[in-house]
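Visitor: To be precise about what I am sending: the file is called start25.txt and holds compact mmCIF, C-alpha atoms and all ligand atoms.
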# COMPACT_ATOMS: atom_id res chain seq x y z
CA MET A 5 0.00 0.00 0.00
CA ARG A 6 2.80 2.35 1.01
CA TRP A 7 4.72 1.50 -2.20
CA LYS A 8 1.67 2.15 -4.29
CA ARG A 9 1.36 5.64 -2.78
CA ILE A 10 5.08 6.35 -3.34
CA LEU A 11 4.81 5.23 -6.97
CA LYS A 12 1.71 7.34 -7.54
CA TRP A 13 3.27 10.51 -6.11
CA SER A 14 6.56 9.88 -7.94
CA ALA A 15 4.75 9.52 -11.26
CA LEU A 16 2.82 12.71 -10.58
CA ALA A 17 6.03 14.56 -9.64
CA ILE A 18 7.78 13.37 -12.84
CA PHE A 19 4.78 14.42 -14.90
CA LEU A 20 4.73 17.88 -13.31
CA ILE A 21 8.49 18.35 -13.78
CA LEU A 22 8.25 17.34 -17.46
CA PHE A 23 5.24 19.59 -17.95
CA ALA A 24 7.04 22.53 -16.33
CA TRP A 25 10.18 21.84 -18.42
CA PHE A 26 8.13 21.70 -21.60
CA GLN A 27 6.35 24.97 -20.76
CA PHE A 28 9.67 26.63 -19.95
CA ALA A 29 11.36 25.31 -23.12
CA TYR A 30 8.36 26.27 -25.23
CA TRP A 31 8.00 29.83 -24.01
CA THR A 32 11.73 30.57 -23.96
CA SER A 33 12.16 29.17 -27.48
CA THR A 34 12.95 32.25 -29.54
CA ASN A 35 15.16 33.58 -32.36
CA ASP A 36 16.94 36.71 -33.54
CA CYS A 37 14.10 38.02 -35.69
CA GLY A 38 13.39 41.09 -33.58
CA HIS A 39 17.04 42.24 -33.62
CA SER A 40 18.05 45.15 -35.83
CA ILE A 41 21.21 45.25 -37.95
CA PRO A 42 23.97 47.21 -36.13
CA ALA A 43 24.75 50.61 -37.68
CA GLY A 44 27.64 50.44 -40.11
CA ALA A 45 27.38 46.62 -40.58
CA GLU A 46 27.37 45.33 -44.15
CA ARG A 47 24.05 43.92 -45.34
CA MET A 48 22.96 41.11 -47.64
CA LYS A 49 19.73 39.54 -48.82
CA ALA A 50 18.67 36.14 -47.49
CA ILE A 51 15.58 34.00 -47.17
CA ARG A 52 14.53 33.48 -43.62
CA TYR A 53 11.54 32.41 -41.54
CA CYS A 54 10.71 33.72 -38.09
CA GLU A 55 7.74 31.44 -37.35
CA TYR A 56 6.82 27.90 -38.33
CA GLY A 57 4.07 27.61 -40.91
CA PRO A 58 3.24 27.12 -44.58
CA PRO A 59 5.84 28.13 -47.21
CA ASP A 60 4.52 31.74 -47.10
CA VAL A 61 6.52 32.21 -43.87
CA LEU A 62 9.66 32.35 -46.04
CA HIS A 63 10.60 35.98 -46.72
CA LEU A 64 13.41 37.64 -48.64
CA GLU A 65 14.95 40.04 -46.11
CA GLU A 66 18.02 42.15 -45.50
CA ILE A 67 20.22 40.76 -42.76
CA GLU A 68 23.76 41.34 -41.56
CA LYS A 69 26.39 40.02 -43.96
CA PRO A 70 28.47 37.35 -42.19
CA VAL A 71 32.17 37.91 -41.56
CA PRO A 72 34.44 34.85 -41.80
CA LYS A 73 36.28 33.71 -38.66
CA ASP A 74 39.95 32.78 -38.98
CA ASN A 75 39.11 29.19 -39.96
CA GLU A 76 36.25 30.11 -42.32
CA PHE A 77 35.81 31.64 -45.72
CA LEU A 78 33.12 33.76 -47.30
CA VAL A 79 31.28 32.33 -50.30
CA ARG A 80 29.19 34.32 -52.75
CA VAL A 81 26.33 31.86 -53.23
CA HIS A 82 25.14 31.31 -56.80
CA ALA A 83 22.65 28.49 -56.24
CA ALA A 84 21.07 26.52 -53.38
CA SER A 85 18.80 23.48 -53.38
CA LEU A 86 15.92 22.04 -51.35
CA ASN A 87 15.91 18.81 -49.36
CA PHE A 88 13.44 16.80 -47.32
CA VAL A 89 14.80 18.25 -44.05
CA ASP A 90 14.02 21.81 -45.21
CA ALA A 91 10.32 21.04 -44.93
CA ALA A 92 10.86 21.50 -41.15
CA VAL A 93 9.64 25.05 -41.86
CA GLY A 94 6.16 23.54 -41.47
CA GLY A 95 6.69 23.01 -37.73
CA GLN A 96 5.87 19.29 -37.44
CA LEU A 97 6.59 17.82 -34.01
CA ILE A 98 9.93 16.18 -34.90
CA GLY A 99 11.16 19.40 -36.54
CA ARG A 100 10.18 21.42 -33.45
CA LEU A 101 12.03 19.04 -31.13
CA LEU A 102 15.16 19.48 -33.26
CA PHE A 103 14.98 23.13 -34.31
CA GLY A 104 13.04 24.95 -31.58
CA LEU A 105 9.73 24.21 -29.87
CA ARG A 106 7.82 27.44 -30.39
CA LYS A 107 9.94 29.26 -32.98
CA PRO A 108 12.78 28.10 -35.23
CA GLU A 109 15.99 28.97 -33.37
CA PHE A 110 17.92 29.32 -36.61
CA THR A 111 16.02 31.38 -39.13
CA GLY A 112 18.02 30.75 -42.32
CA PHE A 113 16.60 28.41 -44.96
CA ALA A 114 18.04 25.29 -46.66
CA ARG A 115 21.58 23.97 -46.51
CA ASP A 116 23.01 22.93 -49.91
CA PHE A 117 24.84 25.59 -51.91
CA ALA A 118 27.38 26.23 -54.65
CA GLY A 119 29.28 29.45 -55.18
CA VAL A 120 32.59 31.30 -55.42
CA VAL A 121 35.02 31.97 -52.56
CA GLU A 122 35.17 35.72 -52.01
CA ALA A 123 37.37 36.13 -48.91
CA VAL A 124 39.27 33.74 -46.65
CA GLY A 125 40.07 33.78 -42.92
CA LYS A 126 43.77 33.93 -42.00
CA ASN A 127 44.02 30.20 -41.13
CA VAL A 128 42.47 28.99 -44.38
CA THR A 129 45.06 27.57 -46.76
CA GLU A 130 43.03 25.18 -48.87
CA TYR A 131 40.96 27.71 -50.79
CA LYS A 132 41.53 31.18 -52.21
CA PRO A 133 39.26 33.90 -53.58
CA GLY A 134 37.86 32.90 -56.96
CA ASP A 135 37.68 29.14 -56.21
CA GLU A 136 34.38 27.47 -57.06
CA VAL A 137 32.98 25.25 -54.30
CA PHE A 138 29.85 23.36 -53.29
CA GLY A 139 28.88 22.22 -49.82
CA VAL A 140 26.57 22.32 -46.83
CA LYS A 141 25.78 25.29 -44.59
CA SER A 142 22.52 26.09 -42.81
CA GLY A 143 20.94 29.23 -44.23
CA ALA A 144 22.23 28.55 -47.75
CA VAL A 145 19.54 30.58 -49.52
CA ALA A 146 21.44 33.83 -49.04
CA GLU A 147 23.80 36.02 -51.03
CA TYR A 148 26.70 34.96 -48.80
CA VAL A 149 27.56 32.17 -46.37
CA CYS A 150 30.59 31.71 -44.14
CA VAL A 151 31.82 28.12 -44.06
CA ARG A 152 34.69 26.02 -42.77
CA ALA A 153 36.88 24.35 -45.35
CA ASP A 154 35.81 20.92 -44.13
CA ARG A 155 32.18 21.58 -45.13
CA VAL A 156 32.88 22.04 -48.85
CA ALA A 157 34.51 20.42 -51.88
CA SER A 158 35.75 21.92 -55.15
CA LYS A 159 33.10 22.30 -57.84
CA PRO A 160 34.06 20.40 -60.99
CA ALA A 161 34.26 22.71 -64.01
CA ARG A 162 31.95 20.49 -66.08
CA VAL A 163 28.88 21.13 -63.93
CA THR A 164 26.97 24.37 -63.43
CA PHE A 165 26.46 26.04 -60.06
CA GLU A 166 22.83 24.85 -60.20
CA GLN A 167 23.91 21.23 -60.69
CA ALA A 168 26.59 21.42 -58.00
CA ALA A 169 24.12 22.93 -55.52
CA ALA A 170 21.76 20.04 -56.25
CA ILE A 171 24.06 17.36 -54.99
CA PRO A 172 25.29 17.68 -51.37
CA TRP A 173 22.62 16.37 -48.96
CA ALA A 174 20.65 14.23 -51.43
CA GLY A 175 23.92 12.87 -52.83
CA LEU A 176 25.24 12.02 -49.35
CA THR A 177 21.91 10.35 -48.57
CA ALA A 178 22.08 8.24 -51.73
CA LEU A 179 25.77 7.35 -51.42
CA GLN A 180 25.67 6.48 -47.72
CA GLY A 181 22.47 4.49 -48.20
CA LEU A 182 23.92 2.43 -51.05
CA ARG A 183 27.03 1.82 -48.96
CA THR A 184 24.81 0.74 -46.06
CA GLY A 185 23.51 -1.85 -48.53
CA LYS A 186 27.13 -2.93 -49.18
CA ILE A 187 26.90 -2.02 -52.87
CA HIS A 188 29.50 -3.55 -55.18
CA ALA A 189 30.04 -4.31 -58.85
CA GLY A 190 27.90 -6.99 -60.46
CA GLN A 191 24.97 -6.67 -58.05
CA LYS A 192 21.35 -6.36 -59.08
CA VAL A 193 19.98 -3.18 -57.51
CA LEU A 194 16.32 -2.15 -57.31
CA ILE A 195 15.52 1.49 -56.54
CA ASN A 196 11.97 2.22 -55.40
CA GLY A 197 11.36 5.92 -56.06
CA ALA A 198 14.13 6.63 -58.54
CA SER A 199 12.81 9.94 -59.84
CA GLY A 200 13.16 12.40 -56.91
CA GLY A 201 16.16 14.25 -55.53
CA VAL A 202 17.66 11.24 -53.73
CA GLY A 203 16.41 8.66 -56.25
CA THR A 204 17.92 10.22 -59.40
CA LEU A 205 21.28 10.44 -57.64
CA ALA A 206 21.04 6.91 -56.18
CA LEU A 207 20.36 5.61 -59.69
CA GLN A 208 23.45 7.26 -61.16
CA ILE A 209 25.68 6.40 -58.19
CA ALA A 210 24.58 2.75 -58.33
CA LYS A 211 25.51 2.69 -62.03
CA ALA A 212 28.90 4.22 -61.17
CA PHE A 213 29.47 1.17 -58.94
CA ASP A 214 28.91 -1.06 -62.03
CA THR A 215 25.65 -2.58 -60.90
CA GLU A 216 22.56 -3.56 -62.89
CA VAL A 217 19.89 -1.06 -61.89
CA THR A 218 16.11 -1.39 -62.05
CA ALA A 219 14.26 1.87 -61.40
CA ILE A 220 10.67 2.14 -60.11
CA VAL A 221 9.04 5.37 -61.33
CA SER A 222 5.71 6.64 -62.64
CA THR A 223 4.87 6.93 -66.35
CA ARG A 224 6.09 10.51 -66.83
CA ASN A 225 9.52 9.62 -65.43
CA VAL A 226 10.20 6.42 -67.40
CA GLU A 227 12.20 8.19 -70.12
CA MET A 228 14.16 10.25 -67.60
CA ALA A 229 15.19 7.12 -65.64
CA ARG A 230 16.42 5.52 -68.90
CA THR A 231 18.38 8.64 -69.80
CA LEU A 232 20.01 8.61 -66.36
CA GLY A 233 21.29 5.08 -67.03
CA ALA A 234 18.75 2.63 -65.59
CA ASP A 235 19.08 -0.82 -67.20
CA HIS A 236 15.41 -1.59 -66.56
CA VAL A 237 12.54 0.72 -65.70
CA ILE A 238 9.23 -0.33 -64.13
CA ASP A 239 6.24 2.01 -64.24
CA TYR A 240 4.58 1.59 -60.83
CA THR A 241 1.26 2.85 -62.18
CA LYS A 242 1.12 -0.09 -64.62
CA GLU A 243 2.88 -2.94 -62.86
CA ASP A 244 3.17 -4.14 -59.27
CA PHE A 245 6.92 -4.61 -59.01
CA THR A 246 6.60 -6.80 -55.90
CA LYS A 247 4.90 -9.50 -58.00
CA ARG A 248 7.97 -9.98 -60.24
CA GLU A 249 9.96 -13.18 -60.31
CA GLU A 250 13.28 -11.28 -60.42
CA ARG A 251 15.32 -11.22 -57.16
CA TYR A 252 17.75 -8.47 -56.11
CA ASP A 253 20.90 -8.14 -54.00
CA LEU A 254 19.97 -4.63 -52.89
CA LEU A 255 16.66 -2.82 -52.63
CA TYR A 256 17.14 0.90 -52.04
CA ASP A 257 13.73 2.03 -50.86
CA ASN A 258 12.97 5.74 -51.01
CA VAL A 259 9.23 5.30 -50.58
CA ASN A 260 8.59 2.61 -47.93
CA ASN A 261 5.10 2.01 -49.26
CA ARG A 262 5.27 -1.81 -49.45
CA SER A 263 4.95 -4.40 -46.70
CA PHE A 264 7.85 -6.20 -45.07
CA ALA A 265 6.81 -9.50 -46.71
CA GLU A 266 6.51 -7.95 -50.19
CA ARG A 267 9.97 -6.45 -49.98
CA ARG A 268 11.51 -9.54 -48.47
CA ARG A 269 10.20 -11.55 -51.43
CA LEU A 270 12.17 -9.29 -53.80
CA LEU A 271 15.50 -9.99 -52.10
CA LYS A 272 17.91 -12.81 -52.81
CA PRO A 273 19.08 -14.81 -49.77
CA GLY A 274 21.54 -12.51 -47.99
CA GLY A 275 20.05 -9.48 -49.82
CA ILE A 276 19.68 -6.09 -48.12
CA CYS A 277 16.80 -3.63 -48.14
CA VAL A 278 17.98 -0.12 -47.26
CA LEU A 279 15.21 2.00 -45.78
CA ALA A 280 16.14 5.39 -47.18
CA GLY A 281 12.74 7.03 -47.28
CA LEU A 282 11.53 8.37 -43.97
CA GLY A 283 7.94 8.20 -45.14
CA GLY A 284 8.38 8.90 -48.84
CA ALA A 285 8.28 12.15 -50.76
CA GLY A 286 6.11 15.11 -49.74
CA SER A 287 3.63 15.44 -46.89
CA HIS A 288 0.90 12.79 -46.80
CA PRO A 289 -1.30 11.02 -44.24
CA GLY A 290 0.70 7.77 -44.28
CA GLN A 291 3.98 9.48 -43.41
CA MET A 292 4.17 8.77 -39.66
CA GLY A 293 3.16 5.12 -40.13
CA ARG A 294 5.85 4.58 -42.77
CA MET A 295 8.40 6.30 -40.59
CA ALA A 296 7.52 4.06 -37.65
CA ALA A 297 7.80 1.00 -39.91
CA THR A 298 11.44 1.87 -40.64
CA PHE A 299 12.18 1.14 -36.96
CA VAL A 300 10.29 -2.16 -36.89
CA ALA A 301 11.60 -3.71 -40.14
CA PRO A 302 15.30 -3.90 -39.12
CA PHE A 303 14.28 -5.65 -35.89
CA ARG A 304 12.08 -8.18 -37.73
CA SER A 305 14.86 -8.89 -40.22
CA ARG A 306 17.12 -10.15 -37.41
CA PHE A 307 15.24 -13.43 -37.63
CA ILE A 308 15.52 -14.00 -41.41
CA ASP A 309 18.38 -14.29 -43.88
CA GLN A 310 17.75 -10.94 -45.58
CA LYS A 311 18.51 -7.68 -43.82
CA PHE A 312 16.52 -4.45 -43.55
CA GLU A 313 18.74 -1.50 -42.62
CA ARG A 314 17.83 2.07 -41.71
CA TYR A 315 20.37 4.89 -41.54
CA GLY A 316 20.61 8.64 -41.10
CA THR A 317 22.49 10.90 -43.49
CA ARG A 318 25.60 12.45 -41.90
CA PHE A 319 27.94 15.07 -43.27
CA ASP A 320 31.21 13.51 -44.40
CA ARG A 321 33.74 15.52 -46.36
CA ALA A 322 35.37 12.50 -48.00
CA ASP A 323 31.94 11.47 -49.28
CA LEU A 324 31.30 15.00 -50.58
CA LYS A 325 34.62 14.93 -52.44
CA PHE A 326 33.75 11.48 -53.80
CA LEU A 327 30.50 12.94 -55.17
CA GLY A 328 32.53 15.79 -56.70
CA ASP A 329 34.79 13.24 -58.40
CA LEU A 330 31.77 11.35 -59.78
CA MET A 331 30.51 14.63 -61.28
CA ALA A 332 33.97 15.47 -62.69
CA GLU A 333 34.15 12.03 -64.34
CA ALA A 334 30.65 12.52 -65.80
CA LYS A 335 29.40 9.48 -63.89
CA VAL A 336 26.86 11.63 -62.06
CA THR A 337 25.11 14.72 -63.40
CA PRO A 338 22.40 16.02 -61.05
CA PHE A 339 19.02 16.31 -62.73
CA VAL A 340 17.45 19.68 -61.99
CA GLU A 341 13.75 19.85 -62.83
CA LYS A 342 13.31 23.53 -62.18
CA THR A 343 15.20 26.57 -60.99
CA TYR A 344 13.46 29.35 -59.06
CA PRO A 345 14.63 32.94 -58.61
CA PHE A 346 15.61 33.95 -55.07
CA ALA A 347 12.32 35.75 -54.40
CA GLU A 348 10.26 32.66 -55.35
CA THR A 349 11.75 30.29 -52.77
CA ALA A 350 8.33 29.79 -51.15
CA ASP A 351 6.95 28.52 -54.50
CA ALA A 352 9.81 26.03 -54.70
CA LEU A 353 9.04 24.70 -51.20
CA ARG A 354 5.31 24.54 -52.02
CA TYR A 355 6.05 22.39 -55.07
CA PHE A 356 8.58 20.24 -53.21
CA GLU A 357 6.07 19.48 -50.45
CA GLN A 358 3.67 17.97 -52.98
CA GLY A 359 6.15 15.10 -53.39
CA HIS A 360 6.26 14.97 -57.19
CA ALA A 361 9.44 16.86 -58.01
CA ARG A 362 11.61 15.24 -60.67
CA GLY A 363 15.20 15.32 -59.52
CA LYS A 364 16.11 18.47 -57.64
CA LEU A 365 14.64 21.96 -57.22
CA VAL A 366 17.21 24.74 -57.20
CA ILE A 367 17.11 28.41 -56.15
CA THR A 368 19.32 30.75 -58.15
CA ILE A 369 20.81 33.70 -56.31
CA GLU A 370 21.91 36.44 -58.66
N1 LIG B 1 17.69 8.53 -44.37
C1 LIG B 1 17.95 9.84 -44.37
O1 LIG B 1 18.75 10.37 -43.58
C2 LIG B 1 17.27 10.69 -45.41
C3 LIG B 1 17.79 11.94 -45.78
C4 LIG B 1 17.14 12.69 -46.76
C5 LIG B 1 15.98 12.18 -47.32
N2 LIG B 1 15.48 10.99 -46.91
C6 LIG B 1 14.24 10.42 -47.47
O2 LIG B 1 14.41 10.11 -48.82
C7 LIG B 1 13.13 10.11 -49.45
C8 LIG B 1 13.24 10.79 -50.77
O3 LIG B 1 13.58 12.15 -50.57
P1 LIG B 1 13.67 13.11 -51.82
O4 LIG B 1 14.19 14.41 -51.35
O5 LIG B 1 14.31 12.43 -52.96
O6 LIG B 1 12.12 13.27 -52.16
P2 LIG B 1 11.52 13.96 -53.43
O7 LIG B 1 12.57 14.56 -54.29
O8 LIG B 1 10.43 14.86 -52.97
O9 LIG B 1 10.85 12.71 -54.21
C9 LIG B 1 9.89 13.01 -55.19
C10 LIG B 1 9.79 11.84 -56.13
O10 LIG B 1 9.21 10.70 -55.48
C11 LIG B 1 8.45 10.00 -56.46
N3 LIG B 1 7.41 9.18 -55.85
C12 LIG B 1 6.36 9.62 -55.13
N4 LIG B 1 5.59 8.56 -54.76
C13 LIG B 1 6.17 7.46 -55.30
C14 LIG B 1 5.84 6.06 -55.30
N5 LIG B 1 4.76 5.59 -54.67
N6 LIG B 1 6.67 5.21 -55.93
C15 LIG B 1 7.77 5.64 -56.57
N7 LIG B 1 8.13 6.95 -56.63
C16 LIG B 1 7.33 7.85 -55.99
C17 LIG B 1 7.86 11.12 -57.29
O11 LIG B 1 7.59 10.67 -58.60
P3 LIG B 1 6.06 10.56 -59.12
O12 LIG B 1 5.41 11.83 -58.73
O13 LIG B 1 6.18 10.42 -60.58
O14 LIG B 1 5.52 9.37 -58.44
C18 LIG B 1 8.95 12.19 -57.32
O15 LIG B 1 9.74 12.11 -58.49
C19 LIG B 1 12.16 10.77 -48.49
O16 LIG B 1 11.32 9.77 -47.92
C20 LIG B 1 13.05 11.34 -47.41
O17 LIG B 1 12.44 11.24 -46.17
C21 LIG B 1 16.12 10.24 -46.01
Render the structure in this file as structure tokens.
Guide:
Amino acid sequence: MRWKRILKWSALAIFLILFAWFQFAYWTSTNDCGHSIPAGAERMKAIRYCEYGPPDVLHLEEIEKPVPKDNEFLVRVHAASLNFVDAAVGGQLIGRLLFGLRKPEFTGFARDFAGVVEAVGKNVTEYKPGDEVFGVKSGAVAEYVCVRADRVASKPARVTFEQAAAIPWAGLTALQGLRTGKIHAGQKVLINGASGGVGTLALQIAKAFDTEVTAIVSTRNVEMARTLGADHVIDYTKEDFTKREERYDLLYDNVNNRSFAERRRLLKPGGICVLAGLGGAGSHPGQMGRMAATFVAPFRSRFIDQKFERYGTRFDRADLKFLGDLMAEAKVTPFVEKTYPFAETADALRYFEQGHARGKLVITIE
């Protein structure tokens, strides 16, 4: 009886502490939107958002131009691109837990960019003004960003700034996912969702590893997948690819819209299904369920002879350079469906959120 009372009061106390912490964290969650630019500071234009909400919360504003620290350099951004993670603008629960409960703590938008080095800090030896680079920096949709040398790679001359800006995060996602699936020459690879930002790059990277690639896309993207190098293309609106007799070494799944049993059937013994898609493209009602399934499938696969693996994209400079080399060797050329002028960034996000972009969407900053 006494223990019951202690447990009851302890649970209540924990609940009250968590509630108080949440209230405190929520109401103290703020950002620098109210601050004015100091007199005499240089200014630049950038897209930023002060509140969570629909894409209309993105505004082109004047903010203070960043000044590089000793280990940083200043890049004049020419192009930036959108990724799944940038949809956090919407303020979904997971995004709020990561980026600020009530307001976004960091107000810059997007992270992939390509541009020209304009000035370098005194400890930077690797790059000099005039060098063309591409890389990752939060708040990339801006006239300038300050970055550390280890967050960029040299832009190959054969690709445009728009193409180079299209590759970093989606390219890292595709490359690291295929490596999670232990990709190697001679394998049969199936890519579910081969027409979006990650999918078009996964397709080309898988071909660069000398594999036989089958791409799952809808009718309007069949020709594009062939042009990008797919050996076989299946139109998911006309054929249920899970009913095929063919078996694969690696299933790179960007969509996660098929059951565990259906996907297991597609794999050879010892085959791997990489769960790349955290719910599939765009915002849709099934998203949370699919996301949850990516946690369950790897556990279930412990008891069978095929493996289901989930992973999170991480920044890795060697991988970024590897992607740069693939572009330089013409093994990968990012497919850009559409470029948007700086001031139309909200339109780009609106289109991206619908989940039907072909390849990447890029913002040009001129
Ligand atoms: N693991 C990680 O760390 C990580 C990191 C980044 C992204 N991701 C995930 O990767 C996935 C892809 O991201 P993304 O940026 O490439 O998305 P995206 O560019 O928005 O993907 C859009 C593409 O998906 C295709 N698609 C939509 N439904 C499909 C279906 N049922 N079957 C086949 N294709 C379909 C669309 O083609 P149609 O309109 O023609 O169908 C469109 O071309 C997302 O689920 C995202 O969560 C994971």
Visitor: Got a sec to check which residues lie within 6 Å of ligand LIG 1 (chain B), using all atoms listed in the file, and send them as a PDB file with C-alpha atoms, in the coordinates of the input?
Guide:
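pocket-v9.pdb, written as the output of this step:
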ATOM      1  CA  ASN A  87      15.910  18.810 -49.360  1.00  0.00           C
ATOM      2  CA  PHE A  88      13.440  16.800 -47.320  1.00  0.00           C
ATOM      3  CA  THR A 177      21.910  10.350 -48.570  1.00  0.00           C
ATOM      4  CA  ASN A 196      11.970   2.220 -55.400  1.00  0.00           C
ATOM      5  CA  GLY A 197      11.360   5.920 -56.060  1.00  0.00           C
ATOM      6  CA  SER A 199      12.810   9.940 -59.840  1.00  0.00           C
ATOM      7  CA  GLY A 200      13.160  12.400 -56.910  1.00  0.00           C
ATOM      8  CA  GLY A 201      16.160  14.250 -55.530  1.00  0.00           C
ATOM      9  CA  VAL A 202      17.660  11.240 -53.730  1.00  0.00           C
ATOM     10  CA  GLY A 203      16.410   8.660 -56.250  1.00  0.00           C
ATOM     11  CA  ILE A 220      10.670   2.140 -60.110  1.00  0.00           C
ATOM     12  CA  VAL A 221       9.040   5.370 -61.330  1.00  0.00           C
ATOM     13  CA  SER A 222       5.710   6.640 -62.640  1.00  0.00           C
ATOM     14  CA  ASN A 225       9.520   9.620 -65.430  1.00  0.00           C
ATOM     15  CA  ASN A 258      12.970   5.740 -51.010  1.00  0.00           C
ATOM     16  CA  VAL A 259       9.230   5.300 -50.580  1.00  0.00           C
ATOM     17  CA  ALA A 280      16.140   5.390 -47.180  1.00  0.00           C
ATOM     18  CA  GLY A 281      12.740   7.030 -47.280  1.00  0.00           C
ATOM     19  CA  LEU A 282      11.530   8.370 -43.970  1.00  0.00           C
ATOM     20  CA  GLY A 283       7.940   8.200 -45.140  1.00  0.00           C
ATOM     21  CA  GLY A 284       8.380   8.900 -48.840  1.00  0.00           C
ATOM     22  CA  ALA A 285       8.280  12.150 -50.760  1.00  0.00           C
ATOM     23  CA  GLY A 286       6.110  15.110 -49.740  1.00  0.00           C
ATOM     24  CA  TYR A 315      20.370   4.890 -41.540  1.00  0.00           C
ATOM     25  CA  GLY A 316      20.610   8.640 -41.100  1.00  0.00           C
ATOM     26  CA  THR A 317      22.490  10.900 -43.490  1.00  0.00           C
ATOM     27  CA  PHE A 356       8.580  20.240 -53.210  1.00  0.00           C
ATOM     28  CA  GLY A 359       6.150  15.100 -53.390  1.00  0.00           C
ATOM     29  CA  HIS A 360       6.260  14.970 -57.190  1.00  0.00           C
ATOM     30  CA  ALA A 361       9.440  16.860 -58.010  1.00  0.00           C
ATOM     31  CA  ARG A 362      11.610  15.240 -60.670  1.00  0.00           C
ATOM     32  CA  GLY A 363      15.200  15.320 -59.520  1.00  0.00           C
TER      33      GLY A 363
END
Visitor: Quick one: of A:Arg267, A:Lys311, A:Lys69, A:Arg115, who's nearest to Ala170 of chain A, counting all atoms listed in the file?
Guide: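 Checking each candidate against Ala170 of chain A, we get A:Arg115 as the closest.
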Visitor: Could you tell me which of A:Ala219, A:Ile67, A:Ala24, A:Leu101 comes closest to Asp239 of chain A if we count all atoms listed in the file?
Guide: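 Of A:Ala219, A:Ile67, A:Ala24, A:Leu101, the one nearest Asp239 of chain A is A:Ala219, counting all atoms listed in the file.
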Visitor: May I ask which of the residues A:Leu365, A:Phe138, A:Ala43, A:Pro72 is the closest one to Ala161 of chain A, counting only C-alpha atoms?
Guide: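 Among A:Leu365, A:Phe138, A:Ala43, A:Pro72, it is A:Phe138 that comes nearest to Ala161 of chain A.
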Visitor: Show which residues sit within 7 Å of Lys192 of chain A, as number ranges by chain. Count all atoms listed in the file, and ignore same-chain residues fewer than 4 positions away.
Guide: A: 215-217, 252-254
Visitor: Using all atoms listed in the file, which of the listed residues (A:Val163, A:Leu279, A:Ala84, A:Ala146) sits closest to Thr111 of chain A?
Guide: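 Ranking A:Val163, A:Leu279, A:Ala84, A:Ala146 by distance to Thr111 of chain A, first place goes to A:Ala146.
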Visitor: Can you measure atom CA of Arg224 of chain A to atom CA of Pro289 of chain A for me? One decimal in Å is fine.
Guide: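 Between atom CA of Arg224 of chain A and atom CA of Pro289 of chain A the gap is 23.8 Å.
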Visitor: Mind checking which residues fall within 7 Å of Phe113 of chain A, counting all atoms listed in the file, ignoring those fewer than 2 positions away in the same chain, and posting them as a list of chain:residue names?
Guide: A:Ile51, A:Arg52, A:Thr111, A:Arg115, A:Ser142, A:Gly143, A:Ala144, A:Val145
